[in-house]
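This is target_11.pdb. It holds PDB, C-alpha atoms.
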```pdb
ATOM      1  CA  MET A   1       4.633   4.327 -20.614  1.00  0.00           C
ATOM      2  CA  ASN A   2       6.512   7.262 -19.184  1.00  0.00           C
ATOM      3  CA  TYR A   3       6.277   8.282 -15.516  1.00  0.00           C
ATOM      4  CA  LYS A   4       3.567  10.893 -16.043  1.00  0.00           C
ATOM      5  CA  GLU A   5       1.448   8.360 -17.940  1.00  0.00           C
ATOM      6  CA  LEU A   6       1.995   5.869 -15.128  1.00  0.00           C
ATOM      7  CA  CYS A   7       0.841   8.441 -12.555  1.00  0.00           C
ATOM      8  CA  GLN A   8      -2.222   9.171 -14.686  1.00  0.00           C
ATOM      9  CA  ALA A   9      -3.012   5.461 -15.071  1.00  0.00           C
ATOM     10  CA  ARG A  10      -2.961   4.718 -11.336  1.00  0.00           C
ATOM     11  CA  PHE A  11      -6.343   5.076  -9.636  1.00  0.00           C
ATOM     12  CA  SER A  12      -8.162   3.866  -6.525  1.00  0.00           C
ATOM     13  CA  CYS A  13      -9.893   0.760  -7.801  1.00  0.00           C
ATOM     14  CA  ARG A  14     -12.957  -0.574  -6.008  1.00  0.00           C
ATOM     15  CA  ALA A  15     -14.003  -3.344  -8.384  1.00  0.00           C
ATOM     16  CA  PHE A  16     -11.769  -6.341  -9.033  1.00  0.00           C
ATOM     17  CA  GLU A  17     -11.853  -9.453 -11.195  1.00  0.00           C
ATOM     18  CA  GLN A  18     -11.628 -12.814  -9.459  1.00  0.00           C
ATOM     19  CA  ARG A  19      -8.339 -13.560 -11.128  1.00  0.00           C
ATOM     20  CA  GLU A  20      -5.081 -14.724  -9.604  1.00  0.00           C
ATOM     21  CA  ILE A  21      -2.046 -12.462  -9.855  1.00  0.00           C
ATOM     22  CA  GLU A  22       0.856 -14.118 -11.623  1.00  0.00           C
ATOM     23  CA  THR A  23       3.908 -14.962  -9.502  1.00  0.00           C
ATOM     24  CA  GLU A  24       6.182 -12.937 -11.800  1.00  0.00           C
ATOM     25  CA  LYS A  25       4.091  -9.812 -11.230  1.00  0.00           C
ATOM     26  CA  GLN A  26       4.058 -10.381  -7.477  1.00  0.00           C
ATOM     27  CA  GLU A  27       7.851 -10.741  -7.424  1.00  0.00           C
ATOM     28  CA  TYR A  28       8.306  -7.633  -9.578  1.00  0.00           C
ATOM     29  CA  ILE A  29       6.162  -5.554  -7.200  1.00  0.00           C
ATOM     30  CA  LYS A  30       7.958  -6.928  -4.145  1.00  0.00           C
ATOM     31  CA  GLU A  31      11.295  -5.969  -5.661  1.00  0.00           C
ATOM     32  CA  CYS A  32      10.078  -2.436  -6.449  1.00  0.00           C
ATOM     33  CA  VAL A  33       8.984  -2.064  -2.810  1.00  0.00           C
ATOM     34  CA  ARG A  34      12.355  -3.363  -1.633  1.00  0.00           C
ATOM     35  CA  LEU A  35      14.067  -0.631  -3.668  1.00  0.00           C
ATOM     36  CA  ALA A  36      12.007   2.188  -2.111  1.00  0.00           C
ATOM     37  CA  PRO A  37      14.072   4.787  -0.276  1.00  0.00           C
ATOM     38  CA  SER A  38      13.714   5.471   3.427  1.00  0.00           C
ATOM     39  CA  ALA A  39      15.319   7.896   5.852  1.00  0.00           C
ATOM     40  CA  VAL A  40      18.866   6.725   6.614  1.00  0.00           C
ATOM     41  CA  ASN A  41      17.913   3.534   4.732  1.00  0.00           C
ATOM     42  CA  ARG A  42      16.263   2.106   7.854  1.00  0.00           C
ATOM     43  CA  GLN A  43      13.414   0.453   5.896  1.00  0.00           C
ATOM     44  CA  PRO A  44      11.115   0.313   8.949  1.00  0.00           C
ATOM     45  CA  TRP A  45       8.430  -1.707   7.209  1.00  0.00           C
ATOM     46  CA  LEU A  46       6.989  -5.160   6.817  1.00  0.00           C
ATOM     47  CA  PHE A  47       4.484  -6.333   4.202  1.00  0.00           C
ATOM     48  CA  TYR A  48       2.135  -9.317   4.082  1.00  0.00           C
ATOM     49  CA  TRP A  49       0.825 -10.439   0.664  1.00  0.00           C
ATOM     50  CA  ILE A  50      -2.420 -12.139   1.644  1.00  0.00           C
ATOM     51  CA  THR A  51      -4.209 -14.496  -0.732  1.00  0.00           C
ATOM     52  CA  ASP A  52      -5.069 -17.530   1.384  1.00  0.00           C
ATOM     53  CA  GLU A  53      -8.796 -17.554   2.024  1.00  0.00           C
ATOM     54  CA  PRO A  54      -8.877 -17.670   5.858  1.00  0.00           C
ATOM     55  CA  ARG A  55      -6.498 -14.740   6.347  1.00  0.00           C
ATOM     56  CA  LEU A  56      -7.966 -12.822   3.412  1.00  0.00           C
ATOM     57  CA  GLN A  57     -11.478 -13.084   4.863  1.00  0.00           C
ATOM     58  CA  ALA A  58     -10.196 -12.088   8.296  1.00  0.00           C
ATOM     59  CA  VAL A  59      -8.549  -8.935   6.912  1.00  0.00           C
ATOM     60  CA  LYS A  60     -11.652  -8.057   4.894  1.00  0.00           C
ATOM     61  CA  THR A  61     -13.745  -8.028   8.084  1.00  0.00           C
ATOM     62  CA  SER A  62     -11.616  -5.164   9.429  1.00  0.00           C
ATOM     63  CA  TYR A  63     -12.882  -2.832   6.671  1.00  0.00           C
ATOM     64  CA  HIS A  64     -16.628  -2.478   6.438  1.00  0.00           C
ATOM     65  CA  ARG A  65     -17.241  -1.835   2.739  1.00  0.00           C
ATOM     66  CA  ASP A  66     -18.934  -4.286   0.395  1.00  0.00           C
ATOM     67  CA  TRP A  67     -16.563  -3.759  -2.510  1.00  0.00           C
ATOM     68  CA  ILE A  68     -13.618  -5.317  -0.652  1.00  0.00           C
ATOM     69  CA  ASN A  69     -15.335  -8.712  -0.607  1.00  0.00           C
ATOM     70  CA  ASP A  70     -14.377  -9.311  -4.262  1.00  0.00           C
ATOM     71  CA  VAL A  71     -10.679  -8.526  -3.872  1.00  0.00           C
ATOM     72  CA  PRO A  72      -8.416 -11.505  -4.717  1.00  0.00           C
ATOM     73  CA  ALA A  73      -5.445 -10.255  -2.649  1.00  0.00           C
ATOM     74  CA  ILE A  74      -4.656  -7.676   0.009  1.00  0.00           C
ATOM     75  CA  ILE A  75      -1.255  -6.384   0.991  1.00  0.00           C
ATOM     76  CA  LEU A  76      -1.069  -5.516   4.673  1.00  0.00           C
ATOM     77  CA  CYS A  77       1.510  -2.772   5.212  1.00  0.00           C
ATOM     78  CA  CYS A  78       3.123  -2.316   8.621  1.00  0.00           C
ATOM     79  CA  LYS A  79       5.579   0.158  10.112  1.00  0.00           C
ATOM     80  CA  ASN A  80       7.969   0.034  13.034  1.00  0.00           C
ATOM     81  CA  GLU A  81       8.582   3.414  14.656  1.00  0.00           C
ATOM     82  CA  ALA A  82      11.407   2.041  16.805  1.00  0.00           C
ATOM     83  CA  GLU A  83      13.344   1.096  13.646  1.00  0.00           C
ATOM     84  CA  ALA A  84      12.666   4.388  11.847  1.00  0.00           C
ATOM     85  CA  TRP A  85      14.936   7.393  11.769  1.00  0.00           C
ATOM     86  CA  THR A  86      14.001  10.241  14.101  1.00  0.00           C
ATOM     87  CA  ARG A  87      15.024  13.827  13.379  1.00  0.00           C
ATOM     88  CA  ARG A  88      17.103  15.051  16.312  1.00  0.00           C
ATOM     89  CA  TYR A  89      15.968  18.673  16.141  1.00  0.00           C
ATOM     90  CA  ASP A  90      12.313  17.981  16.920  1.00  0.00           C
ATOM     91  CA  THR A  91      12.191  14.164  17.423  1.00  0.00           C
ATOM     92  CA  HIS A  92       9.922  13.745  14.399  1.00  0.00           C
ATOM     93  CA  ASN A  93       9.724  10.021  13.594  1.00  0.00           C
ATOM     94  CA  HIS A  94       9.782   9.220   9.864  1.00  0.00           C
ATOM     95  CA  ALA A  95       8.118   5.784   9.912  1.00  0.00           C
ATOM     96  CA  ASP A  96       4.898   7.135   8.363  1.00  0.00           C
ATOM     97  CA  ILE A  97       6.816   8.907   5.609  1.00  0.00           C
ATOM     98  CA  ASP A  98       8.970   5.884   4.867  1.00  0.00           C
ATOM     99  CA  ILE A  99       6.054   3.453   4.671  1.00  0.00           C
ATOM    100  CA  ALA A 100       4.131   5.905   2.473  1.00  0.00           C
ATOM    101  CA  ILE A 101       7.017   6.025   0.000  1.00  0.00           C
ATOM    102  CA  ALA A 102       7.197   2.232  -0.092  1.00  0.00           C
ATOM    103  CA  ILE A 103       3.426   1.907  -0.542  1.00  0.00           C
ATOM    104  CA  GLU A 104       3.442   4.327  -3.438  1.00  0.00           C
ATOM    105  CA  HIS A 105       6.252   2.310  -5.045  1.00  0.00           C
ATOM    106  CA  LEU A 106       3.962  -0.697  -4.604  1.00  0.00           C
ATOM    107  CA  CYS A 107       0.947   1.024  -6.168  1.00  0.00           C
ATOM    108  CA  LEU A 108       2.863   2.401  -9.143  1.00  0.00           C
ATOM    109  CA  ALA A 109       4.643  -0.911  -9.780  1.00  0.00           C
ATOM    110  CA  ALA A 110       1.277  -2.675  -9.703  1.00  0.00           C
ATOM    111  CA  THR A 111      -0.144  -0.181 -12.190  1.00  0.00           C
ATOM    112  CA  GLU A 112       2.825  -0.693 -14.499  1.00  0.00           C
ATOM    113  CA  GLN A 113       2.117  -4.449 -14.374  1.00  0.00           C
ATOM    114  CA  GLY A 114      -1.515  -3.957 -15.428  1.00  0.00           C
ATOM    115  CA  LEU A 115      -2.899  -4.344 -11.903  1.00  0.00           C
ATOM    116  CA  ALA A 116      -5.061  -2.026  -9.833  1.00  0.00           C
ATOM    117  CA  THR A 117      -4.851  -0.997  -6.182  1.00  0.00           C
ATOM    118  CA  CYS A 118      -6.643   1.056  -3.592  1.00  0.00           C
ATOM    119  CA  TRP A 119      -5.022   2.631  -0.556  1.00  0.00           C
ATOM    120  CA  VAL A 120      -7.180   1.821   2.514  1.00  0.00           C
ATOM    121  CA  CYS A 121      -6.466   3.285   5.945  1.00  0.00           C
ATOM    122  CA  ASN A 122     -10.016   3.260   7.358  1.00  0.00           C
ATOM    123  CA  PHE A 123      -9.821  -0.194   8.940  1.00  0.00           C
ATOM    124  CA  ASP A 124     -10.151  -1.526  12.465  1.00  0.00           C
ATOM    125  CA  ILE A 125      -6.521  -1.694  13.587  1.00  0.00           C
ATOM    126  CA  ASN A 126      -7.365  -3.404  16.872  1.00  0.00           C
ATOM    127  CA  GLN A 127      -9.185  -6.166  15.017  1.00  0.00           C
ATOM    128  CA  LEU A 128      -6.136  -6.761  12.825  1.00  0.00           C
ATOM    129  CA  LYS A 129      -3.867  -6.802  15.868  1.00  0.00           C
ATOM    130  CA  GLY A 130      -6.098  -9.546  17.236  1.00  0.00           C
ATOM    131  CA  LEU A 131      -5.912 -11.571  14.017  1.00  0.00           C
ATOM    132  CA  PHE A 132      -2.153 -11.484  13.400  1.00  0.00           C
ATOM    133  CA  GLU A 133       0.909 -11.885  15.545  1.00  0.00           C
ATOM    134  CA  PHE A 134       3.041  -8.999  14.350  1.00  0.00           C
ATOM    135  CA  PRO A 135       6.720  -8.933  15.236  1.00  0.00           C
ATOM    136  CA  GLU A 136       7.426  -6.662  18.179  1.00  0.00           C
ATOM    137  CA  GLY A 137       7.145  -2.983  17.302  1.00  0.00           C
ATOM    138  CA  TYR A 138       5.213  -3.460  14.055  1.00  0.00           C
ATOM    139  CA  GLU A 139       1.734  -2.082  13.558  1.00  0.00           C
ATOM    140  CA  PRO A 140      -0.605  -2.017  10.550  1.00  0.00           C
ATOM    141  CA  VAL A 141      -0.747   1.241   8.608  1.00  0.00           C
ATOM    142  CA  ALA A 142      -2.616   0.442   5.401  1.00  0.00           C
ATOM    143  CA  LEU A 143      -4.378  -2.258   3.451  1.00  0.00           C
ATOM    144  CA  ILE A 144      -3.725  -2.369  -0.275  1.00  0.00           C
ATOM    145  CA  PRO A 145      -6.335  -4.412  -2.138  1.00  0.00           C
ATOM    146  CA  ILE A 146      -4.668  -5.520  -5.368  1.00  0.00           C
ATOM    147  CA  GLY A 147      -5.766  -7.318  -8.507  1.00  0.00           C
ATOM    148  CA  TYR A 148      -7.067  -6.867 -12.014  1.00  0.00           C
ATOM    149  CA  ALA A 149      -9.547  -4.006 -12.331  1.00  0.00           C
ATOM    150  CA  ALA A 150     -13.132  -4.928 -13.183  1.00  0.00           C
ATOM    151  CA  ALA A 151     -14.056  -1.276 -13.710  1.00  0.00           C
ATOM    152  CA  GLU A 152     -12.621   1.724 -15.513  1.00  0.00           C
ATOM    153  CA  ASP A 153     -10.859   4.610 -13.825  1.00  0.00           C
ATOM    154  CA  PRO A 154     -13.632   7.000 -12.725  1.00  0.00           C
ATOM    155  CA  GLY A 155     -11.324   9.941 -13.459  1.00  0.00           C
ATOM    156  CA  LYS A 156      -9.246  12.133 -11.243  1.00  0.00           C
ATOM    157  CA  ASN A 157     -10.275  15.300  -9.481  1.00  0.00           C
ATOM    158  CA  ARG A 158      -7.014  17.098  -8.780  1.00  0.00           C
ATOM    159  CA  LYS A 159      -6.207  20.691  -7.947  1.00  0.00           C
ATOM    160  CA  ASP A 160      -4.653  22.796 -10.692  1.00  0.00           C
ATOM    161  CA  THR A 161      -0.864  23.030 -10.729  1.00  0.00           C
ATOM    162  CA  GLU A 162      -1.046  26.743  -9.884  1.00  0.00           C
ATOM    163  CA  ASP A 163      -2.964  25.888  -6.705  1.00  0.00           C
ATOM    164  CA  ILE A 164      -0.286  23.600  -5.294  1.00  0.00           C
ATOM    165  CA  TRP A 165       2.966  25.172  -6.510  1.00  0.00           C
ATOM    166  CA  LYS A 166       4.114  28.576  -5.275  1.00  0.00           C
TER     167      LYS A 166
END
```
Write the structure described by the file as structure tokens, please.
Amino acid sequence: MNYKELCQARFSCRAFEQREIETEKQEYIKECVRLAPSAVNRQPWLFYWITDEPRLQAVKTSYHRDWINDVPAIILCCKNEAEAWTRRYDTHNHADIDIAIAIEHLCLAATEQGLATCWVCNFDINQLKGLFEFPEGYEPVALIPIGYAAAEDPGKNRKDTEDIWK
């Protein structure tokens, strides 16, 4: 599929099959994330691919929605502001931008591999900090449930091109 088709195919999935993700697909996605650009190539990120039941259940308790209980894997995405590039003119730190680029590489690579994802930011960060020992300076930014979709894309509601391009 071409890039536009890939962008159209990606959706926020909230229903997953209880099916393991093949190692080859996991490695492909990890490599696509590794290739993501970042400001001054700092790569201020760290990812955890979580499938083992104790840690998976612990992460699921930080997000209070029933649909997450059926997810076979969650990728925990973390940033490190101290490692990120900061613009000297206004001291704007680019860690959030860099991690967002990497996460979108992750989501699109997963879609290309026939997998589905959902970008989750509405989780209890303090609970996760209590569950994991993150390396110094790293903090969770997003959870990415990942797996095979058990439901169809509900469709996209996007603004018209004329409304976002001037």
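With only C-alpha atoms as the atoms that count, the residue of A:Ile68, A:Ala9, A:Leu56, A:Ala36 with the shortest distance to A:Leu131 is A:Leu56.
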(request) Just the residues within 8 Å of A:Cys32, please, counting all atoms listed in the file, with nothing from its chain fewer than 6 positions along; format it as JSON, numbers by chain. (result) {"A": [105, 106, 109]}
(message) Please determine, counting all atoms listed in the file, which residue among A:Val71, A:Val33, A:Lys25, A:Glu139 has the shortest atom-to-atom distance to A:Thr117.
(response) A:Val71
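Among A:Ala102, A:Tyr63, A:Ala150, A:Arg34, the residue with the shortest atom-to-atom distance to A:Gln18, counting only C-alpha atoms, is A:Ala150.
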(request) Compare A:Lys166, A:Arg55, A:His94, A:Lys156 by their minimum atom-to-atom distance to A:Gln8, counting all atoms listed in the file, and give me the closest one. (result)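 Residue with the minimum atom-to-atom distance to A:Gln8: A:Lys156.
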(message) Rounded to one decimal, what separation in Å do you get between atom CA of A:His64 and atom CA of A:Pro44?
(response)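 Atom CA of A:Pro44 lies at a distance of 28.0 Å from atom CA of A:His64.
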(request) Compare A:Tyr148, A:Trp165, A:Tyr48, A:Trp67 by their minimum atom-to-atom distance to A:Ala110, counting only C-alpha atoms, and give me the closest one. (result)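 Result for the nearest residue to A:Ala110: A:Tyr148.
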(message) Can you measure atom CA of A:Ala15 to atom CA of A:Gly130 for me? One decimal in Å is fine.
(response)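 Between these atoms lies a distance of 27.5 Å.
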(message) With the PyMOL selection byres ((chain A and resi 77-92) around 7) as the selection, what would be picked from this file? Answer as JSON, numbers by chain, please.
(response) {"A": [39, 40, 42, 44, 45, 46, 47, 48, 75, 76, 93, 94, 95, 99, 137, 138, 139, 140, 141, 142, 143]}
(request) Record the distance separating atom CA of A:Glu20 and atom CA of A:Pro72, expressed in Å with one decimal. (result)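 Computing the Euclidean distance for atom CA of A:Glu20 and atom CA of A:Pro72 yields 6.7 Å.
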Per-residue nearest contacts of stretch 24-123 of chain A to stretch 3-6 of chain A (10 Å; all atoms listed in the file) as a tab-separated table:
```
residue	atom	partner	partner_atom	distance
A:Leu108	CA	A:Leu6	CA	7.0
A:Ala109	CA	A:Leu6	CA	9.0
A:Thr111	CA	A:Leu6	CA	7.1
A:Glu112	CA	A:Leu6	CA	6.6
```
How about saving the chosen residues, C-alpha atoms kept, as an mmCIF file, in the coordinates of the input?
```cif
data_model
loop_
_atom_site.group_PDB
_atom_site.id
_atom_site.type_symbol
_atom_site.label_atom_id
_atom_site.label_comp_id
_atom_site.auth_asym_id
_atom_site.auth_seq_id
_atom_site.Cartn_x
_atom_site.Cartn_y
_atom_site.Cartn_z
ATOM 1 C CA LEU A 108 2.863 2.401 -9.143
ATOM 2 C CA ALA A 109 4.643 -0.911 -9.780
ATOM 3 C CA THR A 111 -0.144 -0.181 -12.190
ATOM 4 C CA GLU A 112 2.825 -0.693 -14.499
#
```
(message) I need the residue nearest A:Thr51 from this list: A:Ala151, A:Cys7, A:Ile146, A:Cys107. Use all atoms listed in the file for the distance.
(response)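 Of A:Ala151, A:Cys7, A:Ile146, A:Cys107, the one nearest A:Thr51, counting all atoms listed in the file, is A:Ile146.
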Each side padded by 4 Å, which centre and which edge lengths in Å (one decimal) define the axis-aligned box around the listed atoms of stretch 132-135 of chain A? Give them as AutoDock Vina command-line options.
```
--center_x 2.3 --center_y -10.4 --center_z 14.5 --size_x 16.9 --size_y 11.0 --size_z 10.1
```
(message) Using the chain letters and numbers from this file, what does the PyMOL selection byres ((chain A and resi 155) around 10) select? Give the answer as a list in words.
(response) Gln8, Ala9, Phe11, Ser12, Glu152, Asp153, Pro154, Lys156, Asn157 and Arg158 of chain A
(message) Once the PyMOL selection byres ((chain A and resi 120) around 7) has been evaluated on this model, what residues remain selected, and can you format them as number ranges by chain?
(response) A: 118-119, 121-122, 142-144
